Structure formats: C-alpha cells, structure tokens
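Novice: Would you mind keeping the following structure in view while I ask a few things?
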Amino acid sequence: MAETFTLNVNGASRRVTVEPETPLLYVLRNDLSLKGARFGCGLGQCGACTVIIDGAAVQSCDVPVSAVGDRAITTIEGISTPGKPHPLQQAFVDEQAAQCGYCATGIIMSAKALLDRDPAADEAAIRAALAKNLCRCGTHNRILRAIRRAQRELQR
Amino acid sequence: MNGGKQQANPGLPGSLETNRRLDRWLKIGRDGTVTIYPGKVEIGQGILTALAQIAAEELDVALERVQVAVASTSHSPDEGTTSGSRSIEESGVALRFAAAEAREILLARAAERLGTTIEQLAVADGVITARSGGSIAYWELAGEDLIAREATAGVKPKSPAEHRIVGQTAKRRDIPAKVAGAPAYVQDLALPGMRYGRVVRPPSYQARLASFDERETRALPGVVAVVRDGSFLGAVAAREEQAIRAARALWRSASWNEASTKLPASGIHAFLLNAPAQDTVISEKVDAKARSRAARSLEATYTRPFIAHASIGPSCAVAQLVDGRYTVWTHSQGIFPLRRDLAKALGVAEERITVIHAEGAGCYGHNGADDAALDAALLARAAPGRPVQVQWMREDEFAWEPYGSAMVVKLGAALDGAGSIVNWRHDVWSHPHSARPGRSGGANLLAGWHLARPLNAAPPRDVPQPAGGSDRNAIPLYDFPNQRVAKHVVTEMPLRVSSLRSLGAHANVFAIESFMDELAAASGVDPLEFRLRHLKDPRARAVIDAAAQAAGWQAGQRGDGVRGRGVGFARYKNLGCYVAVVAEVAVEHEVRVTRAWAAVDAGLVINPGGLVNQIEGGILQAISWTLKEEVRFDRERVTTRSWDDYPILTFAEAPPVEVVLINRPDETAKGAGEGAQGPTAAAIGNALCHALGTRVRDLPITRERVIGAL
Ligand code: FES
Ligand code: FES
C-alpha cells in the first residue's frame, strides 16, 4: 500500500506517495524529476545512483524510501547554485573528465562526500572513496585529476 | 582529399556519396546559427564535437554557432551505423565537403548582391565582407534556400595549413549538462503520460515459455498490461518499481521448456576448433629462397574468451504507438538499420516508424540498445497512445547482450640463423563478429526471435578484407617473405555474438604481438629492435619509436621477477590509426598494470584533446579486458549476471596513461576509438613475460593463469 513520506531533498521538504519499499532512486528520478542519479545496476554495485545522505555517499538504488526518514538527502542537482557549478562539476568540465559521462554524477557525489569529510584526502583516499563507483569508458585518470583539481579549488 | 590526395573512387567523398543533398547535411539559420545533421551518433566518443569543428572550419563561423541536430530517421542522412571508427572518414568528410561547397554558394550569392566577385570577398564568423565595402551575413541569406541542391564536391576544402578550428582541442559541449545531472540519456526521458515496461527474459537461450499465470500480476498495484507473444513476456505499469515487481511476479509464475542444448561450458576454444567453419586464405606470400633459410621454427596458440560490452547504463528505449505510427527513442548506433528490423518485427512499413536517437551510456559496439527498442515497441502496443519506457535490468544486459566473440589464434613462424622471420603462418577461429540489425535474410533483434511467429536471425556477416572482421588485423603489417593467413569462420556460436570494439583485431593483435616477442626472445634480440627490423612503414616505425621514447625504453633491460615492460603495436584494420603501447606491470597478488604509454598517428588530428581521451579510455578498457574479463556460462546458461560476476578495472587499479600524438596534417583523418585494444593486450602479456619469464597466452591474464604458467 502506498504511503506518504516527507523527504528532505536538497534542503527542501518534498512529499511523495509511494510504496514503502520503493528504492529511493526511483522516487528521486520519477517523482521528483531529479534525473542526475542514474540507474546502473539496482544492486548497489556500480555507484551510478550515488547520492549523499547525512554526509555519507549512499547508493540510492539500494535504499528503500521508507528507510530514509527525515535525513538530509543531497543529489547532484543540489550541489550547484543556478549558473554556478560546484567546483567538482567545474573541474569535470575543465579536465574533460567524461566520455559517455554516465558514471560522472555518482562519482562526483562520492567525491563530494569524501572532500566534505576530509578536505585534504590523499590520492589513495580518493581512490578508496570511489571503490563503489565503476567507469566503463576508462575515464578514471581524468576523473581523478578533476577531483584533485576541485580539491585544490575548494581549499583555496 | 587531404593535401590534394585523390581517391580512386570517382564518387562523392565519404557519406556524401549516399546522401547527396547539401541541405541534408547543414542548414543556415536566420538566427545566426548553423545546424549540422550528421547521421552518426554520440556514443560517448565525442564525435559530435569533432563534426561541429569540421563544419565551423569550412564555413568560417565560430564553433559556438554550430548546433548539432539529434539524429532521426525523419531528417538525418542514412549513414548506417556509428561503428568501426569510421565516423570521421564518412560523416566528417561529407560535412567537410558539404560545408566548403555551402560556403562557396553563399559567397557567390553575396558577390551578386554586393556587385563584386568572389575573389573580392572575405568571411569572418559568417559575415561576408567585400574589399570595396559592404557586407552580408550568412544569416541574411538564410531565407533564399541556396543550399537546397545536390552536392558536387567540386569545392576543395581548406588545406590543413589554413585550419584554425580543426586541430585545436575543443571542449566537449555535452559535458556541462551531463555533470550537472541534467536529463541527458534515453534513460532520463520523461514524456507526458509515460508508462514503464519490463521484459521477462527466458532463463536460457533456447528456453520457450510453457505457461504462466498473469492473475497475481494483474492484481498488483499500477499494472496496466501484461503482454505475451510466444516466449516474449512483459508488463507495463504506471510506475517503474511497479513494472519491476510485475515482471518478478510473472517470472515466478512462469515455467519454461529449456531445450537440451548443451553449452560447451569448459571448452569454448575446443568448440571453435571443431565446429563447422568456412576456411579462407586471406593472404599468401611465397619466396622459396627465403624459406630455405629457415633454421628454427616456433608455434603458439592464443585465445580470448567471450567479452561483454557491459555498458554502465543498461539498455533502454522509449516507444509510443499513435494511430498506427511508432515513434522510438533509442541509443542504437544505427537508427536506419534498426528501423528496417523494427518494421519486420512489428509487421509495419518502415515509413510508419520514426526512430530518434537519444544518448545512452557508452556502448563500445553492438549491445542491447536495438533489442530494447523492439521491447519498448512491443509493450507500447499494449498501451496505445502512451509512451512506454523499457529499461533492461542489469542481469538482462549481462545475460542477453551479444558478446565479443571467443577466439583462437594459432601462429607459426620460422627464423633464419640471423634472427629474421622467413615464414609466417596465422590461423584464426572466430565468429564473424557482426550481427547487427538491418541486414537482409532476417532480423537481429532479440525479442523477434521469441515471438509466436518468430523472426529468423539474419546471418552474421564477416567484414571483408582489407578492414576484416574475424580476421581484422590478422594480416601482419610486418614484412615477411613468406606468409599464409587464414580465417576459419564459425557462424553458429553457443552464445550470442556481435560487434565489440575492434572486432577480431583485439585477439589477432594480441597473438601477433605476443608472438613477435617470443620470436625476439628466441633470436636474442630486444623486442623493439626485432619489430623495427621487420617493419618498413615509416609511420609504423615512428609510433613505435615515440612510445618507446615516452616510456624511456632501454634495450636489453631485464625484468626483475616482479616488474616488467612490454610493447604492442598495430595499425588498426591495417588502414586506420597507428598505435603503439608500452605497458609496465607489477606481479604482486595479481598482475597489475602500473603505467602505460602510447603513441598514436591518426593522420590529420581534428580534436587533439578528444583523441587523447579516446585512446586513454581504450587503453584502460583494454587493460580491464586483458586482466579481468570473461563471460561465464555453464552447460545450460550464461551465469554472468551482475558486476560481482564480471569485475572490471576499478579506480584503485587504474594506472596513469601518457599519450603522445603524432599529427600528420597531410594524411587522411582517422578515427582512433578502437586502435589501442590489441596493442594494449599484447603489451601487458609481453610485460608479464618480461617480468617473470613466463608467458600467458590465454586471456584474461589472471592470477590463476600466471600460477599455472609458472
Ligand atoms: S545503480 Fe545503484 S549502485 Fe548501481
Ligand atoms: S565515462 Fe562512460 S562510464 Fe564513465
């Protein structure tokens, strides 16, 4: 049976009426039209759907909407302000860190969760933070460069 | 074409030959824009940016003014499929000539209006100015339909020395929106009133649906239709998660007859060697005198498993049926070939189907994109008027996509006393690699084979030489006095197979370049020196030298039991880009590539940044194929179903890659998306052997294989 949930998404309170076991990913994409979290596997294995919940990178395909409660959900759409991309997004453009780009939003969210927690994260920590993100196009090096570039920008 | 080189073929250049109207390729807008209409599509390779550069260059307009129309069967030129690294040669060349001709036509009209001659005119960002004063912009001439005519290709495009936009790195235009999280892919399409569909695939290839019970499914919330046609089974629901639940319920209720076909679970390579095959000798050279110098001979067999495209975004499509007309949004690589097969499967005329391209995740060849389009169309019939989106689940993609073929390559060679190869033999066993939609004699869409009135699969096609399919790059670029190259093509494969990035070149080059190292070792010669000894082509020699230099290659350096270096080289298709790769490996718990260097000659470089991006990506993907990837199956079924079953290269494992470009402005521009696959595989195998003195000839090069070889 569908129930009504009040979610805290990108700082706004959003009401949705869905079945409790609905994966958060589908609520974000289909009810709230936030398509930036992409569907990749639905199994918590690829990271394409990564969002941040209370500071932690989470695979939104793997979280039923009923388990979120009133915790703060941040999606890729919530990290920029109009006309001003987040330094991570800008760095992905500057480094041309995409081929198909399908993996990019999830990776940016994983990286943001890390840099928010540990602004001085070293290379190994960055790579470790991306352990749950897959990129099939082989864009890894550009992505790593972009994250380091954003890190420098954020520390200025 | 470039640098005044003439093509032997007197037809129009590139895809202009088959699409001759200038206004099929570009339109000048009154609003100060130029829209180009390539029939090639973006598959994550950045092609649309390169094509925009070409048009901007020839028209003399700022790159920002050039917009790229979404490919659609309603207005795009039919350029077949976007594959084989041919987009620059086909679409790029057509646009170059079309834009050069359009510019000339606009200038001629401006000369008339300004009362002067073309020679007295100059163009800057679309504004035509006469020496005598007076100017007219392209946009002011837009209303005159000047380019609504046939191309002649009579206007010579700019020479490379005049290029200002081509040859410069242009930033990809699609990246800002993609990283902002904007809807960018077919998966993100949200059309008004859209429904969600899921398909229940059979448990194995030959399984047929015996019975199912739709009552439970129909009672589930949101379910609007259950569709069954033969063994094609699917559900449509108001919400995505409802469609998924409906499909699971259908699956639970269904029983299938799994035929007795037995997959050769442990012996795909033995299967290939024993299956009925068409045998063709594709190259033969005889020099009895050289042969008589043979002092010793070597033989070796190399194999590769089935490899999955394994796109990050599983295949997806949206279809809508309104008044007997279908509209299909798809990430297919070939909207026209797909439409041909959709027409067969749906039993309607092609004119009743509009196929519109929408991007997907990177595909690396023929994956499930086309199949999903038919799935969506079949389910859209059950919800007339409504768009229906079908998203394959991860397990659908792994289990049903057409894989890159398993292959066996047997090589033999004879060396003379001086360490020169005097005889060479190459035999390759493989599927033809190409079973895309759009062929005659059947339809290559998965659901079509499961319908109550099933369609036949069209016979697979082996791309003929010189490009080759199964035998792509089987003919060595080295100069051997005696050689015999034969292909043994097996069309009936136990698993579904079609085009994967580089087709047979991956395994053929892996084999040739591994064997070159084996022969170099047998001759006691440094592998680099050994290659150059047998190679005349100066462009080939130059990339090998450049890669070696970038890597700081030292002749005679020995591996130390942990670390080693190896080189691999090929000219893709023997016609395309030249790529040499040096890989460095460390053998720890697993074999790890710690660094890689590449040198690339793709002729005239259009977008250097884009080219480097493609090569880097190709190398990392090839490292993943080489060290990790293998589609698994047992006697009945494909057992690879998720990323846990099919690990790929991770962020922890990705090594730094350095790419050196050799720009050849006077040579034809070539695509490079596939050029690194074979050289990378061989460089890794050679580096492993350099490190340990042990060779692994079967891909993937896993820990178990290395231990087995020691
Ligand atoms: S889609 Fe969520 S982890 Fe893959
Ligand atoms: S850029 Fe395509 S999957 Fe990462």
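Here's how to read the names in the structure tokens: chain A, B, ... by the order shown, residue numbers from 1 in each chain, ligand numbers from 1 in the order shown.
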Could you please tell me, as a ChimeraX atom specification, which residues of chain B have an atom within 6 Å of chain A when using only C-alpha atoms?
Specialist: /B:44-45,179,181-183,188,312-313,361-362,394,617,620-621,651-652
Novice: Env of stretch 88-93 of chain B: 6 Å cut, atoms = only C-alpha atoms, seq-sep filter 3 positions within chain, self excluded. Answer as JSON, numbers by chain.
Specialist: {"B": [14, 15, 51, 96, 671]}
Novice: Per DSSP on the backbone, what are the helix (DSSP H, G or I) residues of stretch 219-308 of chain B, as a count of residues only?
Specialist: 26
Novice: Determine the nearest neighbour of A:Asp54 from the options A:Ala72, A:Leu24, A:Ile147, A:Ala121, counting only C-alpha atoms.
Specialist: A:Ala72
Novice: When DSSP is applied to the backbone of this structure, which of chain A are assigned strand (DSSP E)? Write them out as number ranges by chain.
Specialist: A: 3-9, 12-18, 50-53, 56-59, 72-74
Novice: Write a file of the selected residues as a JSON list (two decimals), in the first residue's frame, keeping N, CA, C and O atoms.
Specialist:
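Heads up, here's the output in again33.json:
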```json
[["chain", "number", "residue", "atom", "x", "y", "z"],
["A", 3, "GLU", "N", 2.18, 4.85, 0.78],
["A", 3, "GLU", "CA", 2.17, 5.72, 1.95],
["A", 3, "GLU", "C", 2.77, 7.06, 1.57],
["A", 3, "GLU", "O", 3.50, 7.15, 0.60],
["A", 4, "THR", "N", 2.51, 8.05, 2.39],
["A", 4, "THR", "CA", 3.08, 9.36, 2.09],
["A", 4, "THR", "C", 4.33, 9.58, 2.95],
["A", 4, "THR", "O", 4.32, 9.32, 4.16],
["A", 5, "PHE", "N", 5.37, 10.00, 2.31],
["A", 5, "PHE", "CA", 6.64, 10.28, 3.01],
["A", 5, "PHE", "C", 7.03, 11.73, 2.77],
["A", 5, "PHE", "O", 6.80, 12.26, 1.68],
["A", 6, "THR", "N", 7.59, 12.33, 3.79],
["A", 6, "THR", "CA", 8.13, 13.67, 3.61],
["A", 6, "THR", "C", 9.64, 13.56, 3.63],
["A", 6, "THR", "O", 10.24, 13.15, 4.62],
["A", 7, "LEU", "N", 10.24, 13.87, 2.50],
["A", 7, "LEU", "CA", 11.69, 13.73, 2.37],
["A", 7, "LEU", "C", 12.33, 15.10, 2.40],
["A", 7, "LEU", "O", 11.74, 16.10, 1.97],
["A", 8, "ASN", "N", 13.55, 15.12, 2.88],
["A", 8, "ASN", "CA", 14.33, 16.35, 2.90],
["A", 8, "ASN", "C", 15.37, 16.25, 1.77],
["A", 8, "ASN", "O", 16.41, 15.62, 1.92],
["A", 9, "VAL", "N", 15.03, 16.86, 0.65],
["A", 9, "VAL", "CA", 15.87, 16.71, -0.54],
["A", 9, "VAL", "C", 16.45, 18.06, -0.96],
["A", 9, "VAL", "O", 15.69, 19.00, -1.23],
["A", 12, "ALA", "N", 14.99, 21.06, 0.68],
["A", 12, "ALA", "CA", 13.55, 21.34, 0.62],
["A", 12, "ALA", "C", 12.79, 20.11, 1.08],
["A", 12, "ALA", "O", 13.25, 18.98, 0.95],
["A", 13, "SER", "N", 11.63, 20.35, 1.60],
["A", 13, "SER", "CA", 10.83, 19.23, 2.05],
["A", 13, "SER", "C", 9.90, 18.80, 0.92],
["A", 13, "SER", "O", 9.21, 19.62, 0.32],
["A", 14, "ARG", "N", 9.95, 17.52, 0.59],
["A", 14, "ARG", "CA", 9.18, 17.03, -0.58],
["A", 14, "ARG", "C", 8.32, 15.87, -0.13],
["A", 14, "ARG", "O", 8.80, 14.92, 0.48],
["A", 15, "ARG", "N", 7.05, 15.93, -0.48],
["A", 15, "ARG", "CA", 6.12, 14.86, -0.13],
["A", 15, "ARG", "C", 5.90, 13.93, -1.31],
["A", 15, "ARG", "O", 5.68, 14.41, -2.43],
["A", 16, "VAL", "N", 6.01, 12.66, -1.06],
["A", 16, "VAL", "CA", 5.72, 11.69, -2.12],
["A", 16, "VAL", "C", 4.83, 10.59, -1.56],
["A", 16, "VAL", "O", 4.92, 10.25, -0.37],
["A", 17, "THR", "N", 3.99, 10.05, -2.42],
["A", 17, "THR", "CA", 3.13, 8.95, -2.00],
["A", 17, "THR", "C", 3.49, 7.74, -2.85],
["A", 17, "THR", "O", 3.21, 7.70, -4.05],
["A", 18, "VAL", "N", 4.17, 6.82, -2.20],
["A", 18, "VAL", "CA", 4.67, 5.64, -2.91],
["A", 18, "VAL", "C", 4.68, 4.45, -1.96],
["A", 18, "VAL", "O", 4.51, 4.61, -0.74],
["A", 50, "THR", "N", 24.61, 7.22, -6.94],
["A", 50, "THR", "CA", 25.07, 7.70, -5.63],
["A", 50, "THR", "C", 24.51, 9.08, -5.28],
["A", 50, "THR", "O", 24.55, 10.01, -6.10],
["A", 51, "VAL", "N", 24.00, 9.20, -4.08],
["A", 51, "VAL", "CA", 23.60, 10.49, -3.51],
["A", 51, "VAL", "C", 24.24, 10.58, -2.12],
["A", 51, "VAL", "O", 24.88, 9.63, -1.66],
["A", 52, "ILE", "N", 24.08, 11.73, -1.49],
["A", 52, "ILE", "CA", 24.64, 11.87, -0.14],
["A", 52, "ILE", "C", 23.48, 11.95, 0.85],
["A", 52, "ILE", "O", 22.55, 12.72, 0.66],
["A", 53, "ILE", "N", 23.55, 11.10, 1.85],
["A", 53, "ILE", "CA", 22.53, 11.15, 2.91],
["A", 53, "ILE", "C", 23.25, 11.41, 4.23],
["A", 53, "ILE", "O", 24.12, 10.63, 4.62],
["A", 56, "ALA", "N", 27.01, 11.01, 4.06],
["A", 56, "ALA", "CA", 27.63, 9.78, 3.56],
["A", 56, "ALA", "C", 27.16, 9.49, 2.13],
["A", 56, "ALA", "O", 25.98, 9.67, 1.81],
["A", 57, "ALA", "N", 28.09, 9.03, 1.32],
["A", 57, "ALA", "CA", 27.72, 8.61, -0.04],
["A", 57, "ALA", "C", 26.94, 7.30, 0.05],
["A", 57, "ALA", "O", 27.37, 6.36, 0.71],
["A", 58, "VAL", "N", 25.79, 7.28, -0.61],
["A", 58, "VAL", "CA", 24.89, 6.13, -0.49],
["A", 58, "VAL", "C", 24.39, 5.77, -1.89],
["A", 58, "VAL", "O", 24.11, 6.64, -2.70],
["A", 59, "GLN", "N", 24.28, 4.48, -2.16],
["A", 59, "GLN", "CA", 23.71, 4.04, -3.43],
["A", 59, "GLN", "C", 22.18, 4.09, -3.31],
["A", 59, "GLN", "O", 21.59, 3.26, -2.62],
["A", 72, "ALA", "N", 18.92, 14.24, 5.69],
["A", 72, "ALA", "CA", 19.13, 15.17, 4.58],
["A", 72, "ALA", "C", 19.69, 14.45, 3.37],
["A", 72, "ALA", "O", 20.77, 13.85, 3.42],
["A", 73, "ILE", "N", 18.94, 14.49, 2.27],
["A", 73, "ILE", "CA", 19.39, 13.89, 1.02],
["A", 73, "ILE", "C", 19.93, 14.99, 0.12],
["A", 73, "ILE", "O", 19.26, 16.00, -0.09],
["A", 74, "THR", "N", 21.14, 14.80, -0.38],
["A", 74, "THR", "CA", 21.68, 15.74, -1.36],
["A", 74, "THR", "C", 21.90, 14.98, -2.66],
["A", 74, "THR", "O", 22.54, 13.93, -2.66]]
```
Novice: Kindly provide the residues of chain B that approach ligand 1 to within 12 Å, each paired with its closest atom pair and their distance in Å to one decimal, based on only C-alpha atoms and all ligand atoms, listed by chain and increasing number, as CSV.
Specialist:
```
residue,atom,partner,partner_atom_place_in_ligand_line,distance
B:Ser311,CA,ligand 1,4 (Fe),11.6
B:Ile312,CA,ligand 1,4 (Fe),8.3
B:Gly313,CA,ligand 1,1 (S),8.5
B:Pro314,CA,ligand 1,1 (S),9.8
B:Met393,CA,ligand 1,1 (S),9.9
B:Arg394,CA,ligand 1,4 (Fe),8.7
B:Glu395,CA,ligand 1,4 (Fe),11.9
B:Ser642,CA,ligand 1,4 (Fe),10.0
B:Trp643,CA,ligand 1,4 (Fe),9.1
B:Asp644,CA,ligand 1,4 (Fe),11.5
```
Novice: Keeping only C-alpha atoms, take the residues you just selected and write them out as a PDB file, in the first residue's frame.
Specialist:
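The result, written out as result_1.pdb:
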```pdb
ATOM      1  CA  SER B 311      27.802  -0.687 -20.502  1.00  0.00           C
ATOM      2  CA  ILE B 312      27.344   1.147 -17.213  1.00  0.00           C
ATOM      3  CA  GLY B 313      23.808   2.089 -18.197  1.00  0.00           C
ATOM      4  CA  PRO B 314      21.797  -0.994 -19.182  1.00  0.00           C
ATOM      5  CA  MET B 393      17.824  -4.681 -15.647  1.00  0.00           C
ATOM      6  CA  ARG B 394      21.499  -5.334 -15.049  1.00  0.00           C
ATOM      7  CA  GLU B 395      21.066  -9.094 -15.376  1.00  0.00           C
ATOM      8  CA  SER B 642      25.935  -8.882 -12.231  1.00  0.00           C
ATOM      9  CA  TRP B 643      29.076  -6.852 -11.642  1.00  0.00           C
ATOM     10  CA  ASP B 644      30.033  -9.349  -8.946  1.00  0.00           C
TER      11      ASP B 644
END
```
Novice: So how many Å separate atom CA of B:Arg635 and atom CA of B:Ala275, to one decimal?
Specialist: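 Atom CA of B:Ala275 lies 17.1 Å from atom CA of B:Arg635.
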Novice: To one decimal in Å, tell me the separation between atom CA of B:Pro203 and atom CA of B:Leu699.
Specialist: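 Result for atom CA of B:Pro203 versus atom CA of B:Leu699: 27.4 Å, one decimal.
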Novice: Applying 8 Å and only C-alpha atoms, which residues near stretch 65-70 of chain B remain after dropping the ones on its own chain fewer than 5 positions away? List them as number ranges by chain.
Specialist: B: 32-38, 48, 52, 55-56, 356-358
Novice: To one decimal in Å, tell me the separation between atom CA of B:Ala687 and atom CA of B:Leu503.
Specialist: 23.6 Å
Novice: Pick out the residues sitting within 9 Å of B:Ala310, and hand them over as a count of residues only; count only C-alpha atoms, and ignore anything fewer than 4 positions along from it in its own chain.
Specialist: 10
